[in-house]
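Structure record follows, encoded as structure tokens.
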Amino acid sequence: MGKWLAALTALIIVFGGIFGGKAYLDRKAAQAAAGQSWPAAAVSTAQAQAVHWDVEQRALGTLRAIDSTQITAQLAGNVTQIAFASGAHVRRGDLLVQLDDSTQQASLRANQARLVQARLDLERTRNLFRDRAVSQQEVENAQMNYGVTAAAVDSDQATLKKLRITAPFSGVLGIREVSLGQYVAPGTAIVTLQRLDPVLLDFALPQEMLASIEVGQQVAFTTSARPGATFPGRVTAIAAQVDTDTRNVTLQATLANKDERLLPGLFGEVTLALGKTLGGIAVPQTAITYSTFGDSVYVVGAGEHGGLVARARLVHVLARKGEQVLLKTGDLEAGDTVVIAGQNKLQDGAPVTVDNSVTP
């Protein structure tokens, strides 16, 4: 019994020494880690600023001509003259295409001669009627003959007008689609005609915006077709109904286009000024760290033991404009230094050094 007790005591002493030594080493390692100084991360920073922004709404829009038509033939015939060049500017009434009108010209001359004779017959019949030489019925017959002949002249002139195809309004022509001598049927496309100054801008906004939009509000249009250019305009019409499929309301703005840099069909971004202002703290968009738990920024300040540290702070984004975001007042203070590059190396309370020679 004494031998077993001595052996058990020896085992306790051995294992106690082993575990005690491990605990001692772990405690020393923890103390060493606690006293270790982690290297500071290099970051770029910017200053938060107190601002007031005009409230804006962004959307996508498409341009279209204020007047646009496809010039077509109304009557059949052969093209005898083409009086325009593709892409040319024309004025209302300018001749575009002449179709063969030789038959109609001959018919007009014949009916004009008949009209002269019908007028003479009517005058002679009226004179005879005053002398009681003809009846009232003969006067009415002469009047009817004159009217029918005059209508025939009008018909010939209307036909000749349709064979002479002219511009219905001033504008810019597209690409010619007919050739000299070509036979065209009614409806044959000849050329497109667009009036480009001003142009119309169509865009849509969610129905929730109805209370904030009105005719006369300013818009700005940008498109990748004209890099760096902004085209101003004003809202000139709001649709009388909401689209039942998208629950959007369509708006139309009018943009000046004297230099014709904008063409129908161009697609771009629309910024609508709602005529209200919003106050807050502005920081660069690159300062915001987005996550499922909320948006945050890193604010740089003095550490407890000297140097600079970055502290994570939750923020509320109110609006965006260009490369800036507007945060709710109180999330930050004007003059706070926020990290705009290097956040991927940070955690709350991490030491940092500021290097603004490299911007994001």
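Letters A, B, ... mark the chains of the structure tokens in the order given; residue numbers begin at 1 per chain; ligand numbers begin at 1, in order shown.
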List as a PDB file with N, CA, C and O atoms, in the first residue's frame the protein and nucleic acid residues near Asp295 of chain A, meaning an atom at most 10 Å away when only C-alpha atoms are counted, but skip any in the same chain fewer than 5 places from it.
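Done, and the output landed in out.pdb:
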ATOM      1  N   ILE A 288     -16.028  55.552 -47.281  1.00  0.00           N
ATOM      2  CA  ILE A 288     -17.094  54.711 -46.757  1.00  0.00           C
ATOM      3  C   ILE A 288     -16.731  53.235 -46.917  1.00  0.00           C
ATOM      4  O   ILE A 288     -16.340  52.776 -47.994  1.00  0.00           O
ATOM      5  N   THR A 289     -16.870  52.486 -45.825  1.00  0.00           N
ATOM      6  CA  THR A 289     -16.733  51.034 -45.851  1.00  0.00           C
ATOM      7  C   THR A 289     -18.134  50.449 -45.734  1.00  0.00           C
ATOM      8  O   THR A 289     -18.840  50.701 -44.743  1.00  0.00           O
ATOM      9  N   TYR A 290     -18.556  49.707 -46.757  1.00  0.00           N
ATOM     10  CA  TYR A 290     -19.913  49.162 -46.795  1.00  0.00           C
ATOM     11  C   TYR A 290     -19.915  47.714 -46.297  1.00  0.00           C
ATOM     12  O   TYR A 290     -19.031  46.933 -46.646  1.00  0.00           O
ATOM     13  N   ARG A 313     -16.289  54.132 -37.085  1.00  0.00           N
ATOM     14  CA  ARG A 313     -17.493  54.831 -36.642  1.00  0.00           C
ATOM     15  C   ARG A 313     -18.618  54.603 -37.651  1.00  0.00           C
ATOM     16  O   ARG A 313     -18.433  54.789 -38.862  1.00  0.00           O
ATOM     17  N   LEU A 314     -19.778  54.156 -37.154  1.00  0.00           N
ATOM     18  CA  LEU A 314     -20.931  53.947 -38.022  1.00  0.00           C
ATOM     19  C   LEU A 314     -21.475  55.288 -38.501  1.00  0.00           C
ATOM     20  O   LEU A 314     -21.520  56.267 -37.730  1.00  0.00           O
ATOM     21  N   VAL A 315     -21.904  55.351 -39.768  1.00  0.00           N
ATOM     22  CA  VAL A 315     -22.429  56.587 -40.351  1.00  0.00           C
ATOM     23  C   VAL A 315     -23.690  56.286 -41.131  1.00  0.00           C
ATOM     24  O   VAL A 315     -24.000  55.130 -41.451  1.00  0.00           O
ATOM     25  N   HIS A 316     -24.429  57.338 -41.462  1.00  0.00           N
ATOM     26  CA  HIS A 316     -25.659  57.226 -42.257  1.00  0.00           C
ATOM     27  C   HIS A 316     -25.510  58.099 -43.509  1.00  0.00           C
ATOM     28  O   HIS A 316     -25.370  59.316 -43.395  1.00  0.00           O
ATOM     29  N   VAL A 317     -25.525  57.474 -44.671  1.00  0.00           N
ATOM     30  CA  VAL A 317     -25.370  58.190 -45.939  1.00  0.00           C
ATOM     31  C   VAL A 317     -26.721  58.780 -46.345  1.00  0.00           C
ATOM     32  O   VAL A 317     -27.716  58.059 -46.501  1.00  0.00           O
TER      33      VAL A 317
END
Please build the interface table for segment 210-326 of chain A against segment 64-74 of chain A with a cut-off of 10 Å, listing for each qualifying residue the nearest atom pair and the distance in Å to one decimal; count only C-alpha atoms, order rows by chain and increasing number, and write it as a tab-separated table.
residue	atom	partner	partner_atom	distance
A:Thr254	CA	A:Ile66	CA	8.7
A:Leu262	CA	A:Arg64	CA	9.3
A:Leu263	CA	A:Arg64	CA	7.3
A:Pro264	CA	A:Arg64	CA	4.1
A:Gly265	CA	A:Arg64	CA	5.8
A:Leu266	CA	A:Arg64	CA	7.9
A:Phe267	CA	A:Arg64	CA	9.9
Output file for the residues above (all heavy atoms, as an mmCIF file, in the first residue's frame):
data_model
loop_
_atom_site.group_PDB
_atom_site.id
_atom_site.type_symbol
_atom_site.label_atom_id
_atom_site.label_comp_id
_atom_site.auth_asym_id
_atom_site.auth_seq_id
_atom_site.Cartn_x
_atom_site.Cartn_y
_atom_site.Cartn_z
ATOM 1 N N THR A 254 -36.907 69.783 -71.662
ATOM 2 C CA THR A 254 -36.504 70.389 -72.929
ATOM 3 C C THR A 254 -35.120 70.979 -72.770
ATOM 4 O O THR A 254 -34.869 71.728 -71.819
ATOM 5 C CB THR A 254 -37.503 71.471 -73.359
ATOM 6 O OG1 THR A 254 -38.816 70.884 -73.464
ATOM 7 C CG2 THR A 254 -37.118 72.063 -74.700
ATOM 8 N N LEU A 262 -26.335 67.254 -79.559
ATOM 9 C CA LEU A 262 -27.185 66.180 -79.064
ATOM 10 C C LEU A 262 -28.048 65.652 -80.195
ATOM 11 O O LEU A 262 -28.637 66.427 -80.955
ATOM 12 C CB LEU A 262 -28.072 66.691 -77.924
ATOM 13 C CG LEU A 262 -27.331 67.199 -76.688
ATOM 14 C CD1 LEU A 262 -28.311 67.782 -75.682
ATOM 15 C CD2 LEU A 262 -26.500 66.089 -76.049
ATOM 16 N N LEU A 263 -28.136 64.335 -80.282
ATOM 17 C CA LEU A 263 -28.911 63.693 -81.335
ATOM 18 C C LEU A 263 -29.997 62.808 -80.733
ATOM 19 O O LEU A 263 -29.811 62.233 -79.652
ATOM 20 C CB LEU A 263 -28.005 62.849 -82.235
ATOM 21 C CG LEU A 263 -26.907 63.593 -82.998
ATOM 22 C CD1 LEU A 263 -26.068 62.600 -83.798
ATOM 23 C CD2 LEU A 263 -27.499 64.645 -83.918
ATOM 24 N N PRO A 264 -31.124 62.680 -81.407
ATOM 25 C CA PRO A 264 -32.184 61.797 -80.912
ATOM 26 C C PRO A 264 -31.662 60.374 -80.735
ATOM 27 O O PRO A 264 -30.875 59.877 -81.544
ATOM 28 C CB PRO A 264 -33.234 61.867 -82.025
ATOM 29 C CG PRO A 264 -32.993 63.186 -82.687
ATOM 30 C CD PRO A 264 -31.517 63.406 -82.639
ATOM 31 N N GLY A 265 -32.103 59.744 -79.646
ATOM 32 C CA GLY A 265 -31.692 58.378 -79.359
ATOM 33 C C GLY A 265 -30.534 58.274 -78.392
ATOM 34 O O GLY A 265 -30.267 57.182 -77.866
ATOM 35 N N LEU A 266 -29.819 59.389 -78.138
ATOM 36 C CA LEU A 266 -28.710 59.344 -77.189
ATOM 37 C C LEU A 266 -29.227 58.996 -75.795
ATOM 38 O O LEU A 266 -30.273 59.483 -75.366
ATOM 39 C CB LEU A 266 -27.979 60.682 -77.139
ATOM 40 C CG LEU A 266 -26.935 60.952 -78.229
ATOM 41 C CD1 LEU A 266 -26.305 62.319 -78.026
ATOM 42 C CD2 LEU A 266 -25.868 59.870 -78.235
ATOM 43 N N PHE A 267 -28.437 58.173 -75.091
ATOM 44 C CA PHE A 267 -28.796 57.688 -73.758
ATOM 45 C C PHE A 267 -27.811 58.271 -72.751
ATOM 46 O O PHE A 267 -26.629 58.414 -73.048
ATOM 47 C CB PHE A 267 -28.709 56.156 -73.779
ATOM 48 C CG PHE A 267 -28.922 55.496 -72.453
ATOM 49 C CD1 PHE A 267 -30.198 55.299 -71.968
ATOM 50 C CD2 PHE A 267 -27.845 55.050 -71.704
ATOM 51 C CE1 PHE A 267 -30.402 54.671 -70.757
ATOM 52 C CE2 PHE A 267 -28.036 54.417 -70.489
ATOM 53 C CZ PHE A 267 -29.315 54.228 -70.012
#
Would you pick out the contacts of Val352 of chain A at 8 Å or less, using only C-alpha atoms, so that residues sharing its chain but fewer than 4 positions from it are not included, and give the list as a compact mmCIF listing (two decimals) with N, CA and C atoms, in the first residue's frame?
# COMPACT_ATOMS: atom_id res chain seq x y z
N ALA A 40 2.51 50.34 -37.59
CA ALA A 40 1.43 51.24 -38.00
C ALA A 40 1.18 51.10 -39.51
N ALA A 41 -0.11 51.10 -39.89
CA ALA A 41 -0.49 50.99 -41.30
C ALA A 41 -0.49 52.37 -41.95
N ALA A 42 0.04 52.45 -43.16
CA ALA A 42 0.05 53.72 -43.90
C ALA A 42 -1.31 53.92 -44.58
N VAL A 43 -1.91 55.08 -44.37
CA VAL A 43 -3.22 55.38 -44.96
C VAL A 43 -3.20 56.78 -45.55
N VAL A 300 -9.29 59.19 -37.88
CA VAL A 300 -7.93 59.18 -37.35
C VAL A 300 -7.81 60.21 -36.22
N GLY A 307 1.12 58.76 -30.82
CA GLY A 307 0.91 58.31 -32.20
C GLY A 307 -0.54 58.47 -32.63
N LEU A 308 -0.87 57.97 -33.84
CA LEU A 308 -2.21 58.07 -34.39
C LEU A 308 -2.86 56.70 -34.46
N VAL A 309 -4.17 56.65 -34.22
CA VAL A 309 -4.93 55.41 -34.35
C VAL A 309 -6.18 55.70 -35.17
N ALA A 310 -6.74 54.66 -35.79
CA ALA A 310 -7.97 54.78 -36.57
C ALA A 310 -9.11 54.11 -35.82
Leaving out His52 of chain A and any residue of its chain fewer than 5 positions from it, which residues lie within 7 Å of it when counting only C-alpha atoms, given as a PDB file with N, CA and C atoms, in the first residue's frame?
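And here's around37.pdb as it stands now:
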ATOM      1  N   THR A 277     -32.730  71.958 -50.066  1.00  0.00           N
ATOM      2  CA  THR A 277     -31.352  71.814 -49.610  1.00  0.00           C
ATOM      3  C   THR A 277     -31.296  70.844 -48.438  1.00  0.00           C
ATOM      4  N   LEU A 278     -30.142  70.182 -48.321  1.00  0.00           N
ATOM      5  CA  LEU A 278     -29.932  69.181 -47.284  1.00  0.00           C
ATOM      6  C   LEU A 278     -28.577  69.437 -46.646  1.00  0.00           C
ATOM      7  N   GLY A 279     -28.536  69.550 -45.308  1.00  0.00           N
ATOM      8  CA  GLY A 279     -27.289  69.804 -44.607  1.00  0.00           C
ATOM      9  C   GLY A 279     -26.699  68.533 -44.033  1.00  0.00           C
ATOM     10  N   GLY A 280     -25.369  68.513 -43.909  1.00  0.00           N
ATOM     11  CA  GLY A 280     -24.710  67.349 -43.342  1.00  0.00           C
ATOM     12  C   GLY A 280     -23.207  67.488 -43.428  1.00  0.00           C
TER      13      GLY A 280
END
Quiz item: If we count only C-alpha atoms, what is near Ala88 of chain A at a cut-off of 10 Å, once residues fewer than 4 positions away on the same chain are taken out, given as a ChimeraX atom specification?
Solution: /A:84,171-175,193
Convert the current residue selection to file output with N, CA, C and O atoms, as an mmCIF file, in the first residue's frame.
data_model
loop_
_atom_site.group_PDB
_atom_site.id
_atom_site.type_symbol
_atom_site.label_atom_id
_atom_site.label_comp_id
_atom_site.auth_asym_id
_atom_site.auth_seq_id
_atom_site.Cartn_x
_atom_site.Cartn_y
_atom_site.Cartn_z
ATOM 1 N N PHE A 84 -31.907 67.353 -102.652
ATOM 2 C CA PHE A 84 -31.274 67.473 -101.339
ATOM 3 C C PHE A 84 -30.077 66.539 -101.251
ATOM 4 O O PHE A 84 -29.929 65.609 -102.048
ATOM 5 N N GLY A 171 -35.352 71.543 -90.498
ATOM 6 C CA GLY A 171 -34.619 70.576 -89.703
ATOM 7 C C GLY A 171 -33.431 70.012 -90.449
ATOM 8 O O GLY A 171 -32.946 70.596 -91.427
ATOM 9 N N VAL A 172 -32.979 68.853 -89.976
ATOM 10 C CA VAL A 172 -31.808 68.180 -90.538
ATOM 11 C C VAL A 172 -32.247 66.857 -91.141
ATOM 12 O O VAL A 172 -32.952 66.067 -90.500
ATOM 13 N N LEU A 173 -31.824 66.624 -92.373
ATOM 14 C CA LEU A 173 -32.177 65.396 -93.075
ATOM 15 C C LEU A 173 -31.254 64.254 -92.680
ATOM 16 O O LEU A 173 -30.115 64.467 -92.256
ATOM 17 N N GLY A 174 -31.757 63.043 -92.837
ATOM 18 C CA GLY A 174 -30.950 61.856 -92.603
ATOM 19 C C GLY A 174 -30.289 61.375 -93.887
ATOM 20 O O GLY A 174 -29.881 62.178 -94.732
ATOM 21 N N ILE A 175 -30.213 60.077 -94.054
ATOM 22 C CA ILE A 175 -29.572 59.466 -95.220
ATOM 23 C C ILE A 175 -30.604 59.233 -96.318
ATOM 24 O O ILE A 175 -31.688 58.688 -96.079
ATOM 25 N N LEU A 193 -36.410 63.318 -91.376
ATOM 26 C CA LEU A 193 -36.236 64.742 -91.091
ATOM 27 C C LEU A 193 -36.425 64.963 -89.598
ATOM 28 O O LEU A 193 -37.424 64.517 -89.025
#
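Considering the residues A:Gly335, A:Pro351, A:Gly77, A:Gly342 and counting only C-alpha atoms, Gly181 of chain A has its shortest atom-to-atom contact with A:Gly77.
Distances to Ala106 of chain A were evaluated for A:Thr149, A:Leu160, A:Ala83, A:Asp121 using only C-alpha atoms, and the minimum falls at A:Leu160.
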Practice problem: Give the alpha helix (DSSP H) residues of segment 69-212 of chain A, as assigned by DSSP on the backbone, as a ChimeraX atom specification. | Solution: /A:102-130,136-163
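Proximity of A:Val90, A:Val219, A:Leu120, A:Leu99 to Ala167 of chain A, computed with only C-alpha atoms, is greatest for A:Val90.
Each of A:Thr230, A:Gln252, A:Thr337, A:Asn78 was compared to Gln217 of chain A using only C-alpha atoms, and A:Gln252 turns out to be the nearest.
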Quiz item: Which residue, A:Ala204, A:Ala110, A:Leu318, A:Leu346, has the smallest gap to Gln241 of chain A when you use only C-alpha atoms?
Solution: A:Ala204
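Counting only C-alpha atoms, Met144 of chain A has the following residues at most 10 Å away, ignoring those fewer than 6 positions along the same chain: Ala118, Leu122, Glu138 and Ala150 of chain A.
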